[in-house]
Protein chains: 2
Amino acid sequence: MPRQVDHASRRLLIAEAVCRLADERGLEGVTLRDVAARAEVSMGAVQRCFRTKEEMLVFALGHVGEQVAARVRARLIRSPAQSAATALGHAASEFALLRDEHRAEARVWLAFLAQAAISAPLAEILKTNYAALEESFTHLITTAAATPDPPIPLNPHHEARTLLALADGLTTHVLLGHLTPPEAETVLHTHLANLWTA
Amino acid sequence: MPRQVDHASRRLLIAEAVCRLADERGLEGVTLRDVAARAEVSMGAVQRCFRTKEEMLVFALGHVGEQVAARVRARLIRSPAQSAATALGHAASEFALLRDEHRAEARVWLAFLAQAAISAPLAEILKTNYAALEESFTHLITTAAATPDPPIPLNPHHEARTLLALADGLTTHVLLGHLTPPEAETVLHTHLANLWTA
DNA sequence: ATCGTTCCGATGCAGTTGCATCGGAACGAA
DNA sequence: TTCGTTCCGATGCAACTGCATCGGAACGAT
């Protein structure tokens with residue numbers, strides 16, 4: 001066996017570079033040369049890891065999706081939630097990428113979102129991610145609605161969709177500067193609060 | 001006075017071409033040559049109307065924004081609303097671009113949204129558009145909340161923001177195929193219905 | 001008819017792009 | 001060590017990009 005290289009970790013390295021570039025200049029500013037430079041590998045290495053540019057982008061999007069999902073999960077575990085309702089608040093707030101330190105991630109997400117409207121493979125990945133998130137939210141809402149006495153009559157699946165769309169919209173509006181992160185946070189939490197009092 | 005050309009209408013013609021291309025291939029697939037071909041003018045003509053490509057894109061975005069705003073306005077006038085509440089429902093549904101025939105417009109909107117995260121001039125235009133929409137919604141909500149007896153205690157400005165973000169998120173999710181247009185429509189209208197019963 | 005101005009379309013150009021190619025370095029097996 | 005395989009980095013290349021340029025067509029004033 002000749003020289004062997006850890007492809008998996010190199011792919012991750014490249015995906016990170018793609019994200020940093022997408023954050024700075026948008027997805028159309030991502031070129032193979034720049035990615036290679038940013039990842040501090042040669043272009044040849046990039047080409048060996050991914051046959052085409054699109055393959056690289058698809059992998060990078062998958063990576064971002066996992067990061068977001070992981071953060072939501074981590075948040076749920078870290079604060080084991082006095083109640084499902086607060087857990088839901090934490091998860092939604094985490095997903096909405098409202099905090100400044102997630103601004104880069106949010107921009108990458110938006111860039112991929114727009115690209116997915118054109119590229120079917122990207123859209124497929126995003127759909128999978130959204131479906132998973134929707135299910136998580138549905139589950140939390142179901143629990144939260146059943147907890148109090150009397151239970152709150154809600155359509156969990158439906159509310160999960162609402163929450164997901166609202167969070168996405170808020171992320172976008174914060175990125176544009178139409179809302180500030182605290183404003184968006186307020187909107188999000190008021191919406192959740194209204195759920196339990198409706 | 002030598003040969004004169006209607007610049008304004010030509011700019012509109014070109015903006016339309018930009019939109020059709022952005023719908024098909026995304027904003028990064030929009031090149032001066034293709035725009036010229038699609039608008040059935042020469043590249044020279046495009047260059048005379050807009051000094052740079054960015055200037056062209058900015059104008060095109062302004063055009064789209066006006067179209068959307070005009071549709072919302074038209075909808076409000078066409079059905080002079082038995083109540084402010086139903087008027088709001090119509091306006092929001094119009095803005096969310098959920099119907100199939102607005103799919104192209106929604107894709108263009110999303111493409112510009114992503115670009116605006118990179119380009120300050122584009123972001124400026126979008127912010128203006130959103131601010132105007134937010135004010136319209138605020139006004140409608142104020143009226144709707146004051147109509148019944150007793151009045152409904154709401155923060156109109158706040159609810160307008162929520163509605164705007166929700167509509168945007170729904171548009172995105174429909175474009176991705178995560179939701180179908182009817183599903184999104186249901187989410188939107190349920191949210192509105194909950195407003196008046198909260 | 002002639003002129004002067006405005007506009008047009010074609011072409012040129014330097015810079016980038018994604019991808020293909022290839023000689024040689026790196027490394028494990030013998 | 002020697003060989004065989006795998007990987008690497010540089011380079012090449014055709015296509016495409018936005019923008020500049022320019023000769024001439026179109027057209028109103030004279």
# chains A, B, ... in the order shown; residues from 1 in each chain; ligands from 1
call {"tool": "residues_around", "arguments": {"residues": "segment 18-25 of chain C", "least_positions_apart": "3", "cutoff": "8 Å", "atoms": "only C-alpha atoms (C1' of nucleotides)", "output": "list of chain:residue names"}}
result
A:Leu32, A:Lys53, D:DC8, D:DG12
call {"tool": "closest_atom_pairs", "arguments": {"of": "chain C", "to": "chain A", "cutoff": "10 Å", "atoms": "only C-alpha atoms (C1' of nucleotides)", "output": "Markdown table"}}
result
| residue | atom | partner | partner_atom | distance |
| --- | --- | --- | --- | --- |
| C:DT16 | C1' | A:Thr31 | CA | 9.5 |
| C:DT17 | C1' | A:Thr31 | CA | 7.7 |
| C:DG18 | C1' | A:Leu32 | CA | 7.6 |
| C:DC19 | C1' | A:Thr52 | CA | 8.2 |
| C:DA26 | C1' | A:Arg3 | CA | 6.4 |
| C:DC27 | C1' | A:Arg3 | CA | 4.8 |
| C:DG28 | C1' | A:Pro2 | CA | 5.0 |
| C:DA29 | C1' | A:Met1 | CA | 7.2 |
call {"tool": "interface_residues", "arguments": {"of": "chain A", "to": "chain B", "cutoff": "6 Å", "atoms": "only C-alpha atoms", "output": "list in words"}}
result
Leu110, Ala111, Ala114, Ala123, Lys127, Ala165, Leu166, Asp168, Gly169, Leu170, Leu176, His178 and Ala198 of chain A
call {"tool": "closest_atom_pairs", "arguments": {"of": "chain D", "to": "chain B", "cutoff": "8 Å", "atoms": "only C-alpha atoms (C1' of nucleotides)", "output": "tab-separated table"}}
result
residue	atom	partner	partner_atom	distance
D:DT17	C1'	B:Thr31	CA	7.8
D:DG18	C1'	B:Leu32	CA	7.7
D:DA26	C1'	B:Arg3	CA	6.4
D:DC27	C1'	B:Arg3	CA	4.9
D:DG28	C1'	B:Pro2	CA	5.0
D:DA29	C1'	B:Met1	CA	7.0
call {"tool": "atom_distance", "arguments": {"atom1": "atom CA of Asp34 of chain B", "atom2": "atom CA of Leu98 of chain B"}}
result
28.2 Å
call {"tool": "decode", "arguments": {"residues": "chain D", "atoms": "C-alpha atoms (C1' of nucleotides)", "output": "PDB file, in the first residue's frame"}}
result
ATOM      1  C1'  DT D   1      17.456  -0.805  -1.709  1.00  0.00           C
ATOM      2  C1'  DT D   2      14.228  -1.218  -5.316  1.00  0.00           C
ATOM      3  C1'  DC D   3       9.978  -1.226  -7.167  1.00  0.00           C
ATOM      4  C1'  DG D   4       5.020  -0.141  -7.728  1.00  0.00           C
ATOM      5  C1'  DT D   5       1.362   2.481  -6.476  1.00  0.00           C
ATOM      6  C1'  DT D   6      -0.818   6.540  -4.833  1.00  0.00           C
ATOM      7  C1'  DC D   7      -0.980  11.245  -4.398  1.00  0.00           C
ATOM      8  C1'  DC D   8       0.563  15.981  -5.193  1.00  0.00           C
ATOM      9  C1'  DG D   9       1.450  20.579  -7.216  1.00  0.00           C
ATOM     10  C1'  DA D  10       2.227  23.085 -11.182  1.00  0.00           C
ATOM     11  C1'  DT D  11       0.928  24.162 -15.599  1.00  0.00           C
ATOM     12  C1'  DG D  12      -2.027  24.279 -19.716  1.00  0.00           C
ATOM     13  C1'  DC D  13      -6.221  25.252 -21.910  1.00  0.00           C
ATOM     14  C1'  DA D  14     -10.531  26.577 -23.792  1.00  0.00           C
ATOM     15  C1'  DA D  15     -14.348  29.086 -22.428  1.00  0.00           C
ATOM     16  C1'  DC D  16     -16.216  32.916 -20.438  1.00  0.00           C
ATOM     17  C1'  DT D  17     -16.391  37.290 -17.812  1.00  0.00           C
ATOM     18  C1'  DG D  18     -17.081  42.567 -17.472  1.00  0.00           C
ATOM     19  C1'  DC D  19     -15.713  46.450 -19.605  1.00  0.00           C
ATOM     20  C1'  DA D  20     -13.441  49.657 -23.237  1.00  0.00           C
ATOM     21  C1'  DT D  21     -13.206  51.029 -27.823  1.00  0.00           C
ATOM     22  C1'  DC D  22     -14.518  52.527 -32.410  1.00  0.00           C
ATOM     23  C1'  DG D  23     -16.437  53.011 -37.119  1.00  0.00           C
ATOM     24  C1'  DG D  24     -20.604  53.909 -38.824  1.00  0.00           C
ATOM     25  C1'  DA D  25     -25.808  54.174 -38.905  1.00  0.00           C
ATOM     26  C1'  DA D  26     -29.755  56.980 -37.661  1.00  0.00           C
ATOM     27  C1'  DC D  27     -31.913  61.224 -37.343  1.00  0.00           C
ATOM     28  C1'  DG D  28     -33.065  66.276 -36.269  1.00  0.00           C
ATOM     29  C1'  DA D  29     -31.608  70.936 -37.377  1.00  0.00           C
ATOM     30  C1'  DT D  30     -30.090  73.896 -40.860  1.00  0.00           C
TER      31       DT D  30
END
